[in-house]
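Enquirer: What follows is the file data.pdb, containing PDB, C-alpha atoms, pLDDT in the B column:
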```
ATOM      1  CA  VAL V   1     -10.748 -13.127  -1.623  1.00 45.00           C
ATOM      2  CA  PHE V   2      -8.361 -11.668   0.959  1.00 48.00           C
ATOM      3  CA  PRO V   3      -4.993 -13.012   2.090  1.00 50.00           C
ATOM      4  CA  THR V   4      -4.657 -14.902   5.353  1.00 51.00           C
ATOM      5  CA  PRO V   5      -3.437 -12.676   8.224  1.00 53.00           C
ATOM      6  CA  THR V   6       0.159 -13.275   9.245  1.00 55.00           C
ATOM      7  CA  ILE V   7       2.049 -12.697  12.472  1.00 56.00           C
ATOM      8  CA  GLY V   8       3.888  -9.373  12.566  1.00 59.00           C
ATOM      9  CA  MET V   9       7.266  -8.457  13.942  1.00 63.00           C
ATOM     10  CA  ILE V  10       7.987  -7.335  17.467  1.00 72.00           C
ATOM     11  CA  GLY V  11      10.418  -4.534  18.192  1.00 73.00           C
ATOM     12  CA  MET V  12      11.219  -1.786  20.648  1.00 77.00           C
ATOM     13  CA  VAL V  13       9.908   1.732  20.114  1.00 75.00           C
ATOM     14  CA  GLU V  14      12.174   4.318  21.728  1.00 80.00           C
ATOM     15  CA  ASP V  15       9.721   7.228  21.399  1.00 83.00           C
ATOM     16  CA  LYS V  16       6.002   6.473  21.219  1.00 82.00           C
ATOM     17  CA  GLU V  17       5.362   9.981  19.842  1.00 82.00           C
ATOM     18  CA  ILE V  18       6.830   8.954  16.481  1.00 85.00           C
ATOM     19  CA  VAL V  19       4.913   5.720  15.962  1.00 89.00           C
ATOM     20  CA  THR V  20       3.447   5.702  12.460  1.00 94.00           C
ATOM     21  CA  THR V  21       0.431   3.453  12.005  1.00 95.00           C
ATOM     22  CA  LEU V  22      -1.010   1.984   8.806  1.00 96.00           C
ATOM     23  CA  ASN V  23      -4.412   3.682   8.959  1.00 97.00           C
ATOM     24  CA  PHE V  24      -5.423   6.495   6.625  1.00 97.00           C
ATOM     25  CA  LYS V  25      -6.266   9.512   8.766  1.00 96.00           C
ATOM     26  CA  ASN V  26      -7.314  12.587   6.773  1.00 96.00           C
ATOM     27  CA  SER V  27      -9.318  13.119   3.607  1.00 95.00           C
ATOM     28  CA  GLY V  28      -7.080  14.972   1.170  1.00 96.00           C
ATOM     29  CA  ASP V  29      -3.780  13.433   2.324  1.00 98.00           C
ATOM     30  CA  ARG V  30      -1.592  12.450  -0.636  1.00 98.00           C
ATOM     31  CA  ILE V  31      -0.990   8.736  -1.222  1.00 98.00           C
ATOM     32  CA  TYR V  32       2.483   7.736  -2.398  1.00 98.00           C
ATOM     33  CA  VAL V  33       4.161   4.428  -3.126  1.00 98.00           C
ATOM     34  CA  ILE V  34       7.797   4.419  -2.030  1.00 98.00           C
ATOM     35  CA  GLY V  35       9.771   1.937  -4.113  1.00 97.00           C
ATOM     36  CA  GLU V  36       9.523   0.965  -7.742  1.00 95.00           C
ATOM     37  CA  MET V  37       6.271  -0.264  -9.239  1.00 95.00           C
ATOM     38  CA  LYS V  38       6.996  -3.413 -11.247  1.00 93.00           C
ATOM     39  CA  ASN V  39       5.220  -5.128 -14.107  1.00 94.00           C
ATOM     40  CA  ASP V  40       5.262  -8.352 -12.068  1.00 92.00           C
ATOM     41  CA  ILE V  41       2.529 -10.668 -10.791  1.00 91.00           C
ATOM     42  CA  SER V  42       4.809 -13.621  -9.970  1.00 88.00           C
ATOM     43  CA  SER V  43       3.760 -15.732  -6.961  1.00 85.00           C
ATOM     44  CA  SER V  44       0.932 -13.323  -6.151  1.00 87.00           C
ATOM     45  CA  GLU V  45      -2.341 -14.221  -4.467  1.00 86.00           C
ATOM     46  CA  TYR V  46      -3.991 -12.804  -7.588  1.00 84.00           C
ATOM     47  CA  LEU V  47      -2.159 -15.281  -9.833  1.00 83.00           C
ATOM     48  CA  VAL V  48      -3.045 -18.200  -7.552  1.00 84.00           C
ATOM     49  CA  LYS V  49      -6.679 -17.327  -6.746  1.00 84.00           C
ATOM     50  CA  TYR V  50      -7.844 -15.917 -10.095  1.00 84.00           C
ATOM     51  CA  HIS V  51      -5.653 -17.712 -12.625  1.00 85.00           C
ATOM     52  CA  ASN V  52      -4.970 -20.994 -10.760  1.00 86.00           C
ATOM     53  CA  VAL V  53      -1.215 -20.643 -11.266  1.00 86.00           C
ATOM     54  CA  ASN V  54       0.337 -22.149  -8.155  1.00 86.00           C
ATOM     55  CA  ASN V  55       3.955 -22.262  -9.272  1.00 84.00           C
ATOM     56  CA  SER V  56       5.680 -19.181 -10.626  1.00 84.00           C
ATOM     57  CA  PRO V  57       8.950 -17.328  -9.943  1.00 82.00           C
ATOM     58  CA  ALA V  58       9.346 -15.376  -6.724  1.00 85.00           C
ATOM     59  CA  PRO V  59       8.216 -11.743  -6.892  1.00 85.00           C
ATOM     60  CA  TYR V  60      10.838  -9.092  -7.595  1.00 86.00           C
ATOM     61  CA  PHE V  61      13.265  -8.401  -4.725  1.00 89.00           C
ATOM     62  CA  ASP V  62      16.543  -6.488  -4.581  1.00 92.00           C
ATOM     63  CA  LEU V  63      18.377  -6.227  -1.242  1.00 94.00           C
ATOM     64  CA  GLU V  64      20.074  -2.884  -2.005  1.00 96.00           C
ATOM     65  CA  THR V  65      16.725  -1.350  -2.940  1.00 95.00           C
ATOM     66  CA  GLU V  66      15.169  -2.728   0.243  1.00 95.00           C
ATOM     67  CA  VAL V  67      17.853  -1.068   2.383  1.00 96.00           C
ATOM     68  CA  LYS V  68      17.341   2.290   0.641  1.00 97.00           C
ATOM     69  CA  VAL V  69      13.546   2.116   1.020  1.00 97.00           C
ATOM     70  CA  GLN V  70      13.778   1.156   4.705  1.00 96.00           C
ATOM     71  CA  ASN V  71      16.281   3.948   5.434  1.00 97.00           C
ATOM     72  CA  ALA V  72      14.031   6.493   3.706  1.00 98.00           C
ATOM     73  CA  LEU V  73      10.993   5.239   5.649  1.00 97.00           C
ATOM     74  CA  LYS V  74      12.895   5.398   8.912  1.00 95.00           C
ATOM     75  CA  GLU V  75      13.860   9.033   8.325  1.00 97.00           C
ATOM     76  CA  LEU V  76      10.338   9.965   7.198  1.00 98.00           C
ATOM     77  CA  ILE V  77       8.953   8.462  10.404  1.00 95.00           C
ATOM     78  CA  TYR V  78      11.571  10.003  12.733  1.00 94.00           C
ATOM     79  CA  GLU V  79      11.079  13.429  11.133  1.00 96.00           C
ATOM     80  CA  GLN V  80       7.278  12.981  11.405  1.00 95.00           C
ATOM     81  CA  VAL V  81       6.803  13.767   7.737  1.00 97.00           C
ATOM     82  CA  ILE V  82       4.360  10.962   6.878  1.00 98.00           C
ATOM     83  CA  VAL V  83       0.911  10.370   8.335  1.00 97.00           C
ATOM     84  CA  SER V  84       0.705   6.609   7.718  1.00 98.00           C
ATOM     85  CA  ALA V  85       2.849   3.790   6.345  1.00 98.00           C
ATOM     86  CA  HIS V  86       2.062   0.224   5.290  1.00 97.00           C
ATOM     87  CA  ASP V  87       4.214  -2.304   3.419  1.00 96.00           C
ATOM     88  CA  ILE V  88       2.990  -3.758   0.147  1.00 96.00           C
ATOM     89  CA  SER V  89       3.093  -7.525   0.389  1.00 91.00           C
ATOM     90  CA  GLU V  90       0.495 -10.303   0.252  1.00 91.00           C
ATOM     91  CA  GLY V  91      -2.351  -9.197  -2.007  1.00 93.00           C
ATOM     92  CA  GLY V  92      -0.405  -6.296  -3.547  1.00 96.00           C
ATOM     93  CA  LEU V  93      -1.144  -2.583  -3.631  1.00 97.00           C
ATOM     94  CA  TYR V  94      -4.942  -2.844  -3.686  1.00 97.00           C
ATOM     95  CA  ILE V  95      -5.099  -4.973  -0.539  1.00 95.00           C
ATOM     96  CA  THR V  96      -2.592  -2.649   1.178  1.00 97.00           C
ATOM     97  CA  LEU V  97      -4.778   0.342   0.320  1.00 98.00           C
ATOM     98  CA  LEU V  98      -7.913  -1.459   1.549  1.00 96.00           C
ATOM     99  CA  GLU V  99      -6.249  -2.423   4.841  1.00 95.00           C
ATOM    100  CA  SER V 100      -5.149   1.182   5.459  1.00 97.00           C
ATOM    101  CA  ALA V 101      -8.551   2.511   4.408  1.00 97.00           C
ATOM    102  CA  MET V 102     -10.483   0.079   6.635  1.00 95.00           C
ATOM    103  CA  ALA V 103      -8.238   0.793   9.619  1.00 95.00           C
ATOM    104  CA  GLY V 104      -8.830   4.537   9.250  1.00 95.00           C
ATOM    105  CA  GLY V 105     -12.378   4.604   7.941  1.00 94.00           C
ATOM    106  CA  LYS V 106     -11.285   6.494   4.806  1.00 95.00           C
ATOM    107  CA  GLY V 107     -11.639   5.765   1.112  1.00 96.00           C
ATOM    108  CA  PHE V 108      -9.153   6.550  -1.654  1.00 98.00           C
ATOM    109  CA  GLU V 109      -8.846   7.685  -5.241  1.00 98.00           C
ATOM    110  CA  ILE V 110      -5.846   6.434  -7.200  1.00 98.00           C
ATOM    111  CA  GLU V 111      -4.553   6.390 -10.761  1.00 98.00           C
ATOM    112  CA  THR V 112      -2.693   3.385 -12.152  1.00 98.00           C
ATOM    113  CA  ASP V 113       0.382   3.670 -14.371  1.00 97.00           C
ATOM    114  CA  SER V 114      -0.389   2.987 -18.045  1.00 95.00           C
ATOM    115  CA  ASP V 115       3.144   1.580 -18.505  1.00 96.00           C
ATOM    116  CA  ILE V 116       2.328  -1.280 -16.120  1.00 96.00           C
ATOM    117  CA  ARG V 117      -0.387  -3.898 -16.573  1.00 96.00           C
ATOM    118  CA  LYS V 118      -3.321  -2.888 -14.389  1.00 97.00           C
ATOM    119  CA  ASP V 119      -3.424  -6.276 -12.642  1.00 96.00           C
ATOM    120  CA  ALA V 120       0.314  -6.089 -11.923  1.00 96.00           C
ATOM    121  CA  PHE V 121      -0.042  -2.506 -10.648  1.00 97.00           C
ATOM    122  CA  LEU V 122      -2.893  -3.406  -8.294  1.00 98.00           C
ATOM    123  CA  PHE V 123      -2.114  -6.986  -7.268  1.00 96.00           C
ATOM    124  CA  GLY V 124       1.600  -7.600  -7.933  1.00 95.00           C
ATOM    125  CA  GLU V 125       3.621  -8.458  -4.845  1.00 95.00           C
ATOM    126  CA  ALA V 126       7.061  -7.145  -5.834  1.00 94.00           C
ATOM    127  CA  GLN V 127       8.949  -6.332  -2.646  1.00 94.00           C
ATOM    128  CA  SER V 128      10.675  -3.189  -1.325  1.00 95.00           C
ATOM    129  CA  ARG V 129       7.574  -0.997  -1.556  1.00 97.00           C
ATOM    130  CA  ALA V 130       5.355   0.803   0.927  1.00 98.00           C
ATOM    131  CA  VAL V 131       2.262   2.986   0.791  1.00 98.00           C
ATOM    132  CA  VAL V 132       2.522   6.217   2.763  1.00 98.00           C
ATOM    133  CA  THR V 133       0.277   9.231   3.181  1.00 98.00           C
ATOM    134  CA  VAL V 134       1.527  12.794   3.420  1.00 98.00           C
ATOM    135  CA  LYS V 135      -0.140  16.081   4.279  1.00 97.00           C
ATOM    136  CA  GLU V 136       0.145  18.607   1.450  1.00 95.00           C
ATOM    137  CA  LYS V 137       2.134  21.021   3.643  1.00 97.00           C
ATOM    138  CA  LYS V 138       4.807  18.342   4.220  1.00 97.00           C
ATOM    139  CA  GLU V 139       5.200  17.272   0.569  1.00 97.00           C
ATOM    140  CA  ASP V 140       8.334  19.325  -0.118  1.00 98.00           C
ATOM    141  CA  GLN V 141      10.126  17.886   2.931  1.00 98.00           C
ATOM    142  CA  PHE V 142       8.897  14.414   1.948  1.00 98.00           C
ATOM    143  CA  LEU V 143      10.274  14.741  -1.593  1.00 98.00           C
ATOM    144  CA  ASP V 144      13.610  16.092  -0.307  1.00 98.00           C
ATOM    145  CA  ILE V 145      14.074  13.036   1.935  1.00 98.00           C
ATOM    146  CA  LEU V 146      13.221  10.631  -0.908  1.00 98.00           C
ATOM    147  CA  ALA V 147      15.726  12.397  -3.185  1.00 98.00           C
ATOM    148  CA  LYS V 148      18.404  12.165  -0.489  1.00 98.00           C
ATOM    149  CA  HIS V 149      17.885   8.395  -0.248  1.00 98.00           C
ATOM    150  CA  ASP V 150      17.642   7.959  -4.036  1.00 97.00           C
ATOM    151  CA  VAL V 151      14.469   5.847  -3.934  1.00 97.00           C
ATOM    152  CA  ASP V 152      11.783   5.572  -6.583  1.00 97.00           C
ATOM    153  CA  PHE V 153       8.331   6.820  -5.693  1.00 98.00           C
ATOM    154  CA  SER V 154       4.927   7.419  -7.263  1.00 97.00           C
ATOM    155  CA  ASN V 155       2.195   9.851  -6.272  1.00 98.00           C
ATOM    156  CA  ILE V 156      -0.860   7.674  -6.922  1.00 98.00           C
ATOM    157  CA  GLY V 157      -3.781   9.551  -5.358  1.00 98.00           C
ATOM    158  CA  ILE V 158      -5.506  10.908  -2.256  1.00 98.00           C
ATOM    159  CA  ASP V 159      -7.474   9.764   0.784  1.00 97.00           C
ATOM    160  CA  THR V 160     -11.214  10.403   0.505  1.00 95.00           C
ATOM    161  CA  SER V 161     -14.255  10.134   2.752  1.00 90.00           C
ATOM    162  CA  SER V 162     -15.452   6.587   2.019  1.00 90.00           C
ATOM    163  CA  LEU V 163     -15.630   5.952  -1.717  1.00 94.00           C
ATOM    164  CA  ILE V 164     -13.018   4.023  -3.678  1.00 97.00           C
ATOM    165  CA  PHE V 165     -12.081   5.096  -7.209  1.00 97.00           C
ATOM    166  CA  ILE V 166      -9.419   3.621  -9.473  1.00 98.00           C
ATOM    167  CA  ASP V 167      -8.719   5.457 -12.730  1.00 98.00           C
ATOM    168  CA  LYS V 168     -11.899   7.492 -12.122  1.00 97.00           C
ATOM    169  CA  GLU V 169     -13.975   4.275 -12.041  1.00 97.00           C
ATOM    170  CA  ARG V 170     -15.947   3.627  -8.861  1.00 97.00           C
ATOM    171  CA  TRP V 171     -14.895   0.429  -7.096  1.00 95.00           C
ATOM    172  CA  GLY V 172     -17.532   0.629  -4.358  1.00 93.00           C
ATOM    173  CA  ASN V 173     -17.372   2.149  -0.942  1.00 92.00           C
ATOM    174  CA  LEU V 174     -15.360   1.252   2.103  1.00 92.00           C
ATOM    175  CA  GLY V 175     -18.346  -0.211   3.957  1.00 91.00           C
ATOM    176  CA  GLU V 176     -18.967  -2.781   1.207  1.00 92.00           C
ATOM    177  CA  TRP V 177     -15.334  -3.918   1.199  1.00 91.00           C
ATOM    178  CA  LYS V 178     -15.158  -3.966   5.003  1.00 90.00           C
ATOM    179  CA  ASP V 179     -18.259  -6.168   5.145  1.00 90.00           C
ATOM    180  CA  ILE V 180     -16.672  -8.640   2.707  1.00 88.00           C
ATOM    181  CA  TYR V 181     -13.421  -8.617   4.703  1.00 85.00           C
ATOM    182  CA  ASP V 182     -15.099  -8.946   8.123  1.00 86.00           C
ATOM    183  CA  ASN V 183     -17.407 -11.765   7.011  1.00 85.00           C
ATOM    184  CA  ALA V 184     -15.110 -13.776   4.709  1.00 75.00           C
ATOM    185  CA  LEU V 185     -14.409 -16.483   7.299  1.00 68.00           C
ATOM    186  CA  SER V 186     -18.018 -16.911   8.408  1.00 69.00           C
ATOM    187  CA  GLY V 187     -19.070 -17.077   4.744  1.00 65.00           C
ATOM    188  CA  LEU V 188     -16.630 -19.932   4.150  1.00 64.00           C
ATOM    189  CA  LEU V 189     -17.790 -21.775   7.275  1.00 69.00           C
ATOM    190  CA  GLU V 190     -21.449 -21.530   6.232  1.00 72.00           C
ATOM    191  CA  ASP V 191     -20.780 -23.108   2.801  1.00 60.00           C
TER     192      ASP V 191
END
```
Do you think you could lay out the structure here as structure tokens?
Expert:
Amino acid sequence: VFPTPTIGMIGMVEDKEIVTTLNFKNSGDRIYVIGEMKNDISSSEYLVKYHNVNNSPAPYFDLETEVKVQNALKELIYEQVIVSAHDISEGGLYITLLESAMAGGKGFEIETDSDIRKDAFLFGEAQSRAVVTVKEKKEDQFLDILAKHDVDFSNIGIDTSSLIFIDKERWGNLGEWKDIYDNALSGLLED
């Protein structure tokens, strides 16, 4: 059900006070996607695992957009405007949200975009996107920085205590999803 973990990048952090982790931290923080949501499920885990389509075009990627998104993220982190940040990649937005939620012990409520297929919105792996959380008192500064960098963004929801809602429909609670995630390998080995 979940993507295989991959090896991350190694880098040097000049100031450990500005490290921004992926975990959701506070109920009520706003959840944003930085970068453009695309109506694209190409080469996604969703397409492979649920539709048995193993060969499809690469997901959307534009180098100029990637540079703008990364520069905006860098400034948001250095200015300590965002609470968390996590790239959207293997598994798409839903898996990114689950990983951040599980790491922080928080749930989330989001709304999808009716102009984009729901499966593409939740599971598409188009590049140059990240999920970030922002405290309400920092939203104006956050929006100013995004405008300065001319990047697309979407306010999709909020962090919650432990429940998960998508378009006002309950998708379970964090504990249920964490149990599936934590026991996926042992479940496969027992079969």
Enquirer: Compile the contact shell of Gly175 in chain V as JSON, numbers by chain: residues with an atom at most 9 Å away, counting all atoms listed in the file, same-chain residues fewer than 6 positions apart removed.
Expert: {"V": [102, 105, 162, 163]}
Enquirer: Please, could you write that set of residues out with C-alpha atoms as a PDB file, keeping the file's coordinate frame?
Expert:
```pdb
ATOM      1  CA  MET V 102     -10.483   0.079   6.635  1.00 95.00           C
ATOM      2  CA  GLY V 105     -12.378   4.604   7.941  1.00 94.00           C
ATOM      3  CA  SER V 162     -15.452   6.587   2.019  1.00 90.00           C
ATOM      4  CA  LEU V 163     -15.630   5.952  -1.717  1.00 94.00           C
TER       5      LEU V 163
END
```
Enquirer: One number please: CA of Lys74 in chain V to CA of Ile158 in chain V, in Å, one decimal.
Expert: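 The value is 22.2 Å.
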Enquirer: What does the distance from CA of Thr133 in chain V to CA of Asp29 in chain V come to in Å, to one decimal?
Expert: 5.9 Å
Enquirer: If the PyMOL selection byres ((chain V and resi 16-20) around 12) were run on this exact file, what residues would it hold? Put them as a list in words.
Expert: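 Selected by the PyMOL selection byres ((chain V and resi 16-20) around 12) in this file: Gly11, Met12, Val13, Glu14, Asp15, Thr21, Leu22, Asn23, Phe24, Lys25, Leu73, Lys74, Glu75, Leu76, Ile77, Tyr78, Glu79, Gln80, Val81, Ile82, Val83, Ser84, Ala85, His86, Ser100, Val132, Thr133 and Val134 of chain V.
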Enquirer: For the selection you just gave me, I'd like the residues written to a file as an mmCIF file, in the coordinates of the input, keeping C-alpha atoms.
Expert:
```
data_model
loop_
_atom_site.group_PDB
_atom_site.id
_atom_site.type_symbol
_atom_site.label_atom_id
_atom_site.label_comp_id
_atom_site.auth_asym_id
_atom_site.auth_seq_id
_atom_site.Cartn_x
_atom_site.Cartn_y
_atom_site.Cartn_z
ATOM 1 C CA GLY V 11 10.418 -4.534 18.192
ATOM 2 C CA MET V 12 11.219 -1.786 20.648
ATOM 3 C CA VAL V 13 9.908 1.732 20.114
ATOM 4 C CA GLU V 14 12.174 4.318 21.728
ATOM 5 C CA ASP V 15 9.721 7.228 21.399
ATOM 6 C CA THR V 21 0.431 3.453 12.005
ATOM 7 C CA LEU V 22 -1.010 1.984 8.806
ATOM 8 C CA ASN V 23 -4.412 3.682 8.959
ATOM 9 C CA PHE V 24 -5.423 6.495 6.625
ATOM 10 C CA LYS V 25 -6.266 9.512 8.766
ATOM 11 C CA LEU V 73 10.993 5.239 5.649
ATOM 12 C CA LYS V 74 12.895 5.398 8.912
ATOM 13 C CA GLU V 75 13.860 9.033 8.325
ATOM 14 C CA LEU V 76 10.338 9.965 7.198
ATOM 15 C CA ILE V 77 8.953 8.462 10.404
ATOM 16 C CA TYR V 78 11.571 10.003 12.733
ATOM 17 C CA GLU V 79 11.079 13.429 11.133
ATOM 18 C CA GLN V 80 7.278 12.981 11.405
ATOM 19 C CA VAL V 81 6.803 13.767 7.737
ATOM 20 C CA ILE V 82 4.360 10.962 6.878
ATOM 21 C CA VAL V 83 0.911 10.370 8.335
ATOM 22 C CA SER V 84 0.705 6.609 7.718
ATOM 23 C CA ALA V 85 2.849 3.790 6.345
ATOM 24 C CA HIS V 86 2.062 0.224 5.290
ATOM 25 C CA SER V 100 -5.149 1.182 5.459
ATOM 26 C CA VAL V 132 2.522 6.217 2.763
ATOM 27 C CA THR V 133 0.277 9.231 3.181
ATOM 28 C CA VAL V 134 1.527 12.794 3.420
#
```
Enquirer: Using the chain letters and numbers from the file, which residues does the PyMOL selection byres ((chain V and resi 36-51) around 12) grab, as a count of residues only?
Expert: 58
Enquirer: May I ask for the distance between CA of Glu109 in chain V and CA of Asp159 in chain V, given in Å to one decimal place?
Expert: 6.5 Å
Enquirer: Nearest to Lys168 in chain V: which of V:Ile10, V:Ile110, V:Leu146, V:Ala184 is it, counting only C-alpha atoms?
Expert: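 Smallest distance to Lys168 in chain V is found for V:Ile110.
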Enquirer: Using all atoms listed in the file, which residue out of V:Glu64, V:Glu136, V:Asp87, V:Glu176 lies closest to Asn26 in chain V?
Expert: V:Glu136
Enquirer: Tell me which of V:Asn183, V:Thr160, V:Asn71, V:Asn173 sits closest to Lys148 in chain V, counting all atoms listed in the file.
Expert: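 When distances to Lys148 in chain V are compared using all atoms listed in the file, the smallest one comes from V:Asn71.
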Enquirer: With distances taken over all atoms listed in the file, which residue among V:Leu97, V:Leu63, V:Ile180, V:Ala72 lies nearest Gly157 in chain V?
Expert: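 Closest to Gly157 in chain V of all the choices is V:Leu97.
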